[in-house]
Amino acid sequence: MHIPDGFLAPPVWGGLCALAAPSVLLAARRSRSSLDESQIPMMGVLGAFVFAAQMVNFPVGAGTSGHLLGGALLAATLGPAPAIIVMTAILSLQALIFQDGGLLALGANVFNMAIAGTLAAYWPWRALAGTRFRKLGLFAGGFCSVLVCAFLCLAELTVSGVRFGPAALGLALGVFFINAILEGAITAAVAGSLEAMRPGWLKAPAAEARPVLMLLLTVSVVLASAGLLFACARPDGLERLAGMTGLAEHERALFAAPLAGYQFSLPGAAWIGKAAAGLTGLALAAAACVGLARWFSRRRSAA
Amino acid sequence: MVNHGALSSIRTLEDWSRSNSWLHRRDPRAKLLATLFLLTALALMPARSFGGIGAGVAAAVAVLAVACVAARLPVLSILARGWVVLPFTGLFALLAWVEGSPLRAVSLLTKSWLSAAAVVLLMAATPLERLFAGLERMGVPPLLVSVVQFVWRYLHVAFAQLGRMQIARAARGGEHRFVFATSTVAVLFASSAARAERVHWALLARGGEAHFPVLDALKMHWRDYVLLGLAVLAAALLVVSGGLR
């Protein structure tokens, strides 16, 4: 899922860099304020651990094997902001030294795997850690993180004009779905044996005050990334929706001008307009989801 | 077993980055920016015809070759290392070909190859710790830079430990089962956490914080600005030659 350079259209990698950089800054500030100095070596050495752990093959039958990706495990042991920093560090080293993912595409890879993947892993864990579904929280964390990464990665490739046929897209989604289940299972298994060795390693509040909000956040990030992929792969259906709500007219005027210069690397400006209209609609829907969740949880805590 | 191929290729890069040449002596910030210019030019290179792609690729190879000569590094070896992206790129290029756009397939293959080769050249001409120091001076959060340096420094330790654990398991007739892989990873985590604690104590004992100093301070010299100027010219050359029909 590491996107190399040469795949993403300039507006896509540029925009994602612009999105990822402040998020990483924010995560750095948050983990600075919440950690003591001893945590810096811990973050670094655990980053090295993830590198090595990715080399361990987990046999899953039928002669195939999978391996840990580690984002969910880091989120459960370090907390979200430090996990984002460690994942960013790992992705940067992979891009620089192993040519695993491009340098310009680093923003996109950090956004997919370090930011969205970590948050999608952390929220279900936090919601379920205090309940009797603790294991399920770990599994769901690993599962959602890989699924969200895959949706975002495929969406970015598609919107950049890398075209998949429906068969190829279906196959890719199938492979990623299996990978997501594997990551969930491996994360839950490893975290289970860690708990058996020393219970203090996995960090989460004993009783989450707002489990519904956390679960709704998870669902909304999974749905939003899936919808993003759908919007990029099939803009027509969403365009109809956007046309009905009157979004398309505004969006085309807004997006056609700055993107016109990039026509040579994109299938066409009109297509981008359609996709942009769809994406804005989705963003609004996701924002509405989050807003609703906040309101809902506030009402519950007030009651 | 542990894959040692990745580590041996790191060692080659590390050896290369320690040699001395005009390009090696340049400020890491200038080299990073120059690489980003080239990568951006490669990304902006239009893919309208095979002739245009050919001209653009020829120009990019020429630029990389000149830079390799300025760094006294083997040109072919650097270019060949760019092919590590092939498994990912090849799949998508094949898909694009099947979907009926051979132009896009060729463009994907060449762009991702040349971009990877440019990054290999950057790493072969810049010691990692100087690059990190440059990143910190360019405004990357110090926490992130420290964590990257710790990951880099303990990567080899973690790999070596994993290798020892796997040899030990094989020597005891260890089967290859899911449960064993789980406990391997869990024990690796536990010993990494213990190692991190010892590292913290060692840092405390030296009274210092987790910061990695460089031997000589970074300074942008007029020659570094020359490198940046050359990189802008090379980037312009790439975009223009890629647009030829």
# chains A, B, ... in the order shown; residues from 1 in each chain; ligands from 1
>>> closest_atom_pairs(of="chain B", to="chain A", cutoff="6 Å", atoms="only C-alpha atoms", output="tab-separated table")
residue	atom	partner	partner_atom	distance
B:Ala43	CA	A:Gly6	CA	5.7
B:Pro46	CA	A:Phe264	CA	5.9
B:Leu108	CA	A:Gly6	CA	5.9
B:Lys111	CA	A:Gly6	CA	4.9
B:Ser112	CA	A:Gly6	CA	4.7
B:Val147	CA	A:Gly44	CA	4.6
B:Val148	CA	A:Ala89	CA	4.8
B:Phe150	CA	A:Gly44	CA	4.5
B:Val151	CA	A:Gly44	CA	4.6
B:Tyr154	CA	A:Ala48	CA	5.7
B:Leu155	CA	A:Ala48	CA	4.5
B:Ala158	CA	A:Phe49	CA	5.9
B:Phe159	CA	A:Ala52	CA	5.4
B:Phe178	CA	A:Phe58	CA	5.4
B:Ala181	CA	A:Phe58	CA	5.8
B:Thr182	CA	A:Val190	CA	5.3
B:Val185	CA	A:Ala53	CA	5.9
B:Ala186	CA	A:Val190	CA	5.5
B:Ala196	CA	A:Met42	CA	4.8
B:His200	CA	A:Ser38	CA	5.5
>>> write_last_selection(atoms="C-alpha atoms", output="tab-separated table (two decimals), in the first residue's frame")
chain	number	residue	atom	x	y	z
B	43	ALA	CA	5.70	14.25	-11.89
B	46	PRO	CA	3.47	15.20	-19.69
B	108	LEU	CA	4.04	4.90	-14.93
B	111	LYS	CA	8.38	7.89	-13.87
B	112	SER	CA	8.37	5.68	-10.80
B	147	VAL	CA	12.12	9.32	16.68
B	148	VAL	CA	13.31	8.73	13.09
B	150	PHE	CA	16.08	6.20	17.11
B	151	VAL	CA	14.21	3.95	14.66
B	154	TYR	CA	17.81	0.41	16.62
B	155	LEU	CA	16.56	-1.08	13.36
B	158	ALA	CA	15.88	-5.40	16.27
B	159	PHE	CA	16.70	-7.26	13.05
B	178	PHE	CA	0.68	-19.04	13.92
B	181	ALA	CA	4.92	-16.33	15.24
B	182	THR	CA	2.63	-14.55	17.71
B	185	VAL	CA	6.46	-10.86	17.94
B	186	ALA	CA	5.25	-10.46	21.52
B	196	ALA	CA	13.98	1.47	25.36
B	200	HIS	CA	16.45	6.13	28.56
>>> atom_distance(atom1="CA of Ala204 (chain A)", atom2="CA of Ser33 (chain A)")
17.7 Å
>>> closest_residue(among="B:Ala194, B:Ala71, B:Leu144, B:Val98", to="Lys31 (chain B)", atoms="only C-alpha atoms")
B:Ala71
>>> closest_residue(among="B:Ala58, B:Val84, B:Leu203, B:Val179", to="Ala185 (chain A)", atoms="only C-alpha atoms")
B:Val179
>>> select_by_dssp(residues="region 85-230 of chain A", states="alpha helix (DSSP H)", output="PDB file with C-alpha atoms, in the first residue's frame")
ATOM      1  CA  ILE A  85       4.613  10.121  14.931  1.00  0.00           C
ATOM      2  CA  VAL A  86       6.155   6.623  14.982  1.00  0.00           C
ATOM      3  CA  MET A  87       4.272   5.546  11.853  1.00  0.00           C
ATOM      4  CA  THR A  88       5.378   8.766  10.108  1.00  0.00           C
ATOM      5  CA  ALA A  89       8.974   8.029  11.097  1.00  0.00           C
ATOM      6  CA  ILE A  90       8.701   4.468   9.739  1.00  0.00           C
ATOM      7  CA  LEU A  91       7.149   5.627   6.460  1.00  0.00           C
ATOM      8  CA  SER A  92       9.820   8.327   6.024  1.00  0.00           C
ATOM      9  CA  LEU A  93      12.624   5.807   6.495  1.00  0.00           C
ATOM     10  CA  GLN A  94      10.929   3.364   4.129  1.00  0.00           C
ATOM     11  CA  ALA A  95      10.648   6.082   1.483  1.00  0.00           C
ATOM     12  CA  LEU A  96      14.231   7.297   1.917  1.00  0.00           C
ATOM     13  CA  ILE A  97      16.157   4.075   2.363  1.00  0.00           C
ATOM     14  CA  LEU A 106       5.062  10.548   1.337  1.00  0.00           C
ATOM     15  CA  GLY A 107       2.294  12.989   2.233  1.00  0.00           C
ATOM     16  CA  ALA A 108      -0.288  10.621   0.765  1.00  0.00           C
ATOM     17  CA  ASN A 109       1.244   7.575   2.430  1.00  0.00           C
ATOM     18  CA  GLY A 117      -4.980   4.218   9.676  1.00  0.00           C
ATOM     19  CA  THR A 118      -3.924   5.001  13.238  1.00  0.00           C
ATOM     20  CA  LEU A 119      -7.123   6.858  14.100  1.00  0.00           C
ATOM     21  CA  ALA A 120      -9.268   4.105  12.577  1.00  0.00           C
ATOM     22  CA  ALA A 121      -7.335   1.626  14.732  1.00  0.00           C
ATOM     23  CA  TYR A 122      -7.504   3.672  17.919  1.00  0.00           C
ATOM     24  CA  TRP A 123     -11.182   4.572  18.081  1.00  0.00           C
ATOM     25  CA  PRO A 124     -12.659   1.036  18.193  1.00  0.00           C
ATOM     26  CA  TRP A 125      -9.981  -0.041  20.677  1.00  0.00           C
ATOM     27  CA  ARG A 126     -10.769   2.903  22.922  1.00  0.00           C
ATOM     28  CA  ALA A 127     -14.507   2.255  22.703  1.00  0.00           C
ATOM     29  CA  LEU A 128     -14.272  -1.429  23.567  1.00  0.00           C
ATOM     30  CA  ARG A 134     -11.698  -5.985  24.639  1.00  0.00           C
ATOM     31  CA  LYS A 135     -10.319  -8.525  22.159  1.00  0.00           C
ATOM     32  CA  LEU A 136     -12.891  -7.494  19.586  1.00  0.00           C
ATOM     33  CA  GLY A 137     -11.696  -3.906  19.989  1.00  0.00           C
ATOM     34  CA  LEU A 138      -8.151  -4.943  19.080  1.00  0.00           C
ATOM     35  CA  PHE A 139      -9.354  -7.004  16.134  1.00  0.00           C
ATOM     36  CA  ALA A 140     -11.598  -4.192  14.911  1.00  0.00           C
ATOM     37  CA  GLY A 141      -8.707  -1.754  15.268  1.00  0.00           C
ATOM     38  CA  GLY A 142      -6.399  -3.763  13.026  1.00  0.00           C
ATOM     39  CA  PHE A 143      -9.219  -4.551  10.607  1.00  0.00           C
ATOM     40  CA  CYS A 144     -10.444  -0.956  10.236  1.00  0.00           C
ATOM     41  CA  SER A 145      -6.949   0.498   9.921  1.00  0.00           C
ATOM     42  CA  VAL A 146      -6.041  -1.709   6.953  1.00  0.00           C
ATOM     43  CA  LEU A 147      -9.452  -1.290   5.345  1.00  0.00           C
ATOM     44  CA  VAL A 148      -9.328   2.513   5.602  1.00  0.00           C
ATOM     45  CA  CYS A 149      -5.751   2.593   4.250  1.00  0.00           C
ATOM     46  CA  ALA A 150      -6.756   0.412   1.307  1.00  0.00           C
ATOM     47  CA  PHE A 151      -9.853   2.469   0.471  1.00  0.00           C
ATOM     48  CA  LEU A 152      -7.890   5.724   0.610  1.00  0.00           C
ATOM     49  CA  CYS A 153      -4.962   4.339  -1.380  1.00  0.00           C
ATOM     50  CA  LEU A 154      -7.215   2.983  -4.148  1.00  0.00           C
ATOM     51  CA  ALA A 155      -9.246   6.201  -4.189  1.00  0.00           C
ATOM     52  CA  GLU A 156      -6.125   8.344  -4.576  1.00  0.00           C
ATOM     53  CA  LEU A 157      -4.828   6.151  -7.376  1.00  0.00           C
ATOM     54  CA  THR A 158      -8.184   6.208  -9.143  1.00  0.00           C
ATOM     55  CA  VAL A 159      -8.636   9.969  -8.905  1.00  0.00           C
ATOM     56  CA  PRO A 166     -14.312  -3.436 -12.189  1.00  0.00           C
ATOM     57  CA  ALA A 167     -12.703  -6.886 -12.034  1.00  0.00           C
ATOM     58  CA  ALA A 168      -9.302  -5.550 -10.966  1.00  0.00           C
ATOM     59  CA  LEU A 169     -10.886  -3.255  -8.386  1.00  0.00           C
ATOM     60  CA  GLY A 170     -12.923  -6.128  -6.993  1.00  0.00           C
ATOM     61  CA  LEU A 171      -9.863  -8.350  -6.813  1.00  0.00           C
ATOM     62  CA  ALA A 172      -7.829  -5.637  -5.081  1.00  0.00           C
ATOM     63  CA  LEU A 173     -10.624  -5.046  -2.565  1.00  0.00           C
ATOM     64  CA  GLY A 174     -10.848  -8.783  -1.927  1.00  0.00           C
ATOM     65  CA  VAL A 175      -7.118  -9.053  -1.263  1.00  0.00           C
ATOM     66  CA  PHE A 176      -7.187  -6.015   1.029  1.00  0.00           C
ATOM     67  CA  PHE A 177     -10.225  -7.409   2.871  1.00  0.00           C
ATOM     68  CA  ILE A 178      -8.333 -10.636   3.615  1.00  0.00           C
ATOM     69  CA  ASN A 179      -5.304  -8.583   4.666  1.00  0.00           C
ATOM     70  CA  ALA A 180      -7.504  -6.521   6.976  1.00  0.00           C
ATOM     71  CA  ILE A 181      -8.861  -9.656   8.680  1.00  0.00           C
ATOM     72  CA  LEU A 182      -5.289 -10.955   9.037  1.00  0.00           C
ATOM     73  CA  GLU A 183      -4.060  -7.701  10.554  1.00  0.00           C
ATOM     74  CA  GLY A 184      -6.954  -7.743  13.006  1.00  0.00           C
ATOM     75  CA  ALA A 185      -6.271 -11.352  13.987  1.00  0.00           C
ATOM     76  CA  ILE A 186      -2.510 -10.845  14.353  1.00  0.00           C
ATOM     77  CA  THR A 187      -2.960  -7.619  16.346  1.00  0.00           C
ATOM     78  CA  ALA A 188      -5.432  -9.288  18.701  1.00  0.00           C
ATOM     79  CA  ALA A 189      -3.200 -12.361  19.130  1.00  0.00           C
ATOM     80  CA  VAL A 190       0.011 -10.400  19.783  1.00  0.00           C
ATOM     81  CA  ALA A 191      -1.731  -7.953  22.108  1.00  0.00           C
ATOM     82  CA  GLY A 192      -3.271 -10.922  23.934  1.00  0.00           C
ATOM     83  CA  SER A 193       0.125 -12.459  24.655  1.00  0.00           C
ATOM     84  CA  LEU A 194       1.478  -9.043  25.654  1.00  0.00           C
ATOM     85  CA  GLU A 195      -1.340  -8.717  28.198  1.00  0.00           C
ATOM     86  CA  ALA A 196      -0.456 -12.145  29.520  1.00  0.00           C
ATOM     87  CA  MET A 197       3.203 -11.071  29.938  1.00  0.00           C
ATOM     88  CA  PRO A 211     -18.070   4.703  23.571  1.00  0.00           C
ATOM     89  CA  VAL A 212     -20.878   5.557  21.166  1.00  0.00           C
ATOM     90  CA  LEU A 213     -18.970   8.563  19.853  1.00  0.00           C
ATOM     91  CA  MET A 214     -15.847   6.436  19.353  1.00  0.00           C
ATOM     92  CA  LEU A 215     -17.766   3.741  17.469  1.00  0.00           C
ATOM     93  CA  LEU A 216     -19.580   6.334  15.358  1.00  0.00           C
ATOM     94  CA  LEU A 217     -16.245   7.972  14.556  1.00  0.00           C
ATOM     95  CA  THR A 218     -14.914   4.591  13.435  1.00  0.00           C
ATOM     96  CA  VAL A 219     -17.942   3.883  11.300  1.00  0.00           C
ATOM     97  CA  SER A 220     -17.859   7.354   9.777  1.00  0.00           C
ATOM     98  CA  VAL A 221     -14.153   7.159   8.861  1.00  0.00           C
ATOM     99  CA  VAL A 222     -14.629   3.701   7.293  1.00  0.00           C
ATOM    100  CA  LEU A 223     -17.740   4.825   5.414  1.00  0.00           C
ATOM    101  CA  ALA A 224     -16.127   8.095   4.345  1.00  0.00           C
ATOM    102  CA  SER A 225     -13.067   6.354   2.900  1.00  0.00           C
ATOM    103  CA  ALA A 226     -15.210   3.706   1.211  1.00  0.00           C
ATOM    104  CA  GLY A 227     -17.423   6.451  -0.172  1.00  0.00           C
ATOM    105  CA  LEU A 228     -14.357   8.321  -1.372  1.00  0.00           C
ATOM    106  CA  LEU A 229     -13.291   5.263  -3.327  1.00  0.00           C
ATOM    107  CA  PHE A 230     -16.804   4.873  -4.700  1.00  0.00           C
TER     108      PHE A 230
END
>>> closest_residue(among="B:Val61, B:Ile78, B:Ala125, B:Val120", to="Arg18 (chain B)", atoms="only C-alpha atoms")
B:Ala125
>>> select_by_dssp(residues="region 14-183 of chain A", states="strand (DSSP E or B)", output="list in words")
Phe58, Pro59, Ser65 and Gly66 of chain A
>>> atom_distance(atom1="CA of Asn20 (chain B)", atom2="CA of Arg72 (chain B)")
8.3 Å
>>> residues_around(residues="Leu228 (chain B)", least_positions_apart="5", cutoff="12 Å", atoms="only C-alpha atoms", output="number ranges by chain")
B: 23, 26-38, 220-223, 233-235
>>> write_last_selection(atoms="N, CA and C atoms", output="PDB file, in the first residue's frame")
ATOM      1  N   LEU B  23      29.416  16.553  -4.776  1.00  0.00           N
ATOM      2  CA  LEU B  23      28.017  16.437  -4.354  1.00  0.00           C
ATOM      3  C   LEU B  23      27.910  16.049  -2.874  1.00  0.00           C
ATOM      4  N   ARG B  26      28.036  19.010  -0.442  1.00  0.00           N
ATOM      5  CA  ARG B  26      26.974  20.019  -0.449  1.00  0.00           C
ATOM      6  C   ARG B  26      26.085  19.879   0.787  1.00  0.00           C
ATOM      7  N   ASP B  27      25.423  20.992   1.119  1.00  0.00           N
ATOM      8  CA  ASP B  27      24.550  20.985   2.295  1.00  0.00           C
ATOM      9  C   ASP B  27      23.377  20.025   2.063  1.00  0.00           C
ATOM     10  N   PRO B  28      23.026  19.232   3.085  1.00  0.00           N
ATOM     11  CA  PRO B  28      21.925  18.271   2.890  1.00  0.00           C
ATOM     12  C   PRO B  28      20.612  18.939   2.492  1.00  0.00           C
ATOM     13  N   ARG B  29      20.379  20.160   2.995  1.00  0.00           N
ATOM     14  CA  ARG B  29      19.132  20.842   2.633  1.00  0.00           C
ATOM     15  C   ARG B  29      19.091  21.130   1.141  1.00  0.00           C
ATOM     16  N   ALA B  30      20.243  21.590   0.606  1.00  0.00           N
ATOM     17  CA  ALA B  30      20.288  21.891  -0.825  1.00  0.00           C
ATOM     18  C   ALA B  30      20.056  20.630  -1.636  1.00  0.00           C
ATOM     19  N   LYS B  31      20.651  19.496  -1.186  1.00  0.00           N
ATOM     20  CA  LYS B  31      20.484  18.247  -1.933  1.00  0.00           C
ATOM     21  C   LYS B  31      19.040  17.767  -1.872  1.00  0.00           C
ATOM     22  N   LEU B  32      18.413  17.905  -0.691  1.00  0.00           N
ATOM     23  CA  LEU B  32      17.022  17.465  -0.559  1.00  0.00           C
ATOM     24  C   LEU B  32      16.117  18.310  -1.455  1.00  0.00           C
ATOM     25  N   LEU B  33      16.309  19.624  -1.421  1.00  0.00           N
ATOM     26  CA  LEU B  33      15.472  20.496  -2.249  1.00  0.00           C
ATOM     27  C   LEU B  33      15.698  20.199  -3.728  1.00  0.00           C
ATOM     28  N   ALA B  34      16.969  19.994  -4.112  1.00  0.00           N
ATOM     29  CA  ALA B  34      17.270  19.688  -5.513  1.00  0.00           C
ATOM     30  C   ALA B  34      16.551  18.409  -5.936  1.00  0.00           C
ATOM     31  N   THR B  35      16.567  17.386  -5.048  1.00  0.00           N
ATOM     32  CA  THR B  35      15.868  16.131  -5.361  1.00  0.00           C
ATOM     33  C   THR B  35      14.376  16.385  -5.510  1.00  0.00           C
ATOM     34  N   LEU B  36      13.811  17.207  -4.618  1.00  0.00           N
ATOM     35  CA  LEU B  36      12.374  17.474  -4.700  1.00  0.00           C
ATOM     36  C   LEU B  36      12.036  18.199  -6.006  1.00  0.00           C
ATOM     37  N   PHE B  37      12.921  19.123  -6.451  1.00  0.00           N
ATOM     38  CA  PHE B  37      12.695  19.791  -7.738  1.00  0.00           C
ATOM     39  C   PHE B  37      12.628  18.761  -8.858  1.00  0.00           C
ATOM     40  N   LEU B  38      13.630  17.849  -8.855  1.00  0.00           N
ATOM     41  CA  LEU B  38      13.672  16.843  -9.928  1.00  0.00           C
ATOM     42  C   LEU B  38      12.432  15.960  -9.895  1.00  0.00           C
ATOM     43  N   MET B 220      24.775  26.880   4.639  1.00  0.00           N
ATOM     44  CA  MET B 220      24.549  27.007   3.197  1.00  0.00           C
ATOM     45  C   MET B 220      25.641  27.894   2.610  1.00  0.00           C
ATOM     46  N   HIS B 221      26.424  27.317   1.706  1.00  0.00           N
ATOM     47  CA  HIS B 221      27.549  27.984   1.064  1.00  0.00           C
ATOM     48  C   HIS B 221      27.061  28.466  -0.293  1.00  0.00           C
ATOM     49  N   TRP B 222      27.814  29.366  -0.986  1.00  0.00           N
ATOM     50  CA  TRP B 222      27.344  29.785  -2.312  1.00  0.00           C
ATOM     51  C   TRP B 222      27.273  28.604  -3.267  1.00  0.00           C
ATOM     52  N   ARG B 223      28.140  27.593  -3.051  1.00  0.00           N
ATOM     53  CA  ARG B 223      28.108  26.425  -3.943  1.00  0.00           C
ATOM     54  C   ARG B 223      26.793  25.662  -3.793  1.00  0.00           C
ATOM     55  N   LEU B 233      17.325  24.354 -13.262  1.00  0.00           N
ATOM     56  CA  LEU B 233      17.542  24.248 -14.706  1.00  0.00           C
ATOM     57  C   LEU B 233      17.247  22.828 -15.194  1.00  0.00           C
ATOM     58  N   ALA B 234      17.752  21.838 -14.442  1.00  0.00           N
ATOM     59  CA  ALA B 234      17.540  20.444 -14.842  1.00  0.00           C
ATOM     60  C   ALA B 234      16.052  20.120 -14.840  1.00  0.00           C
ATOM     61  N   ALA B 235      15.328  20.627 -13.822  1.00  0.00           N
ATOM     62  CA  ALA B 235      13.889  20.362 -13.742  1.00  0.00           C
ATOM     63  C   ALA B 235      13.181  20.957 -14.952  1.00  0.00           C
TER      64      ALA B 235
END
>>> atom_distance(atom1="CA of Ala59 (chain B)", atom2="CA of Ala118 (chain B)")
13.1 Å
>>> closest_residue(among="B:Thr12, B:Thr110, B:Ser77, B:Ser146", to="Gly90 (chain B)", atoms="only C-alpha atoms")
B:Thr110
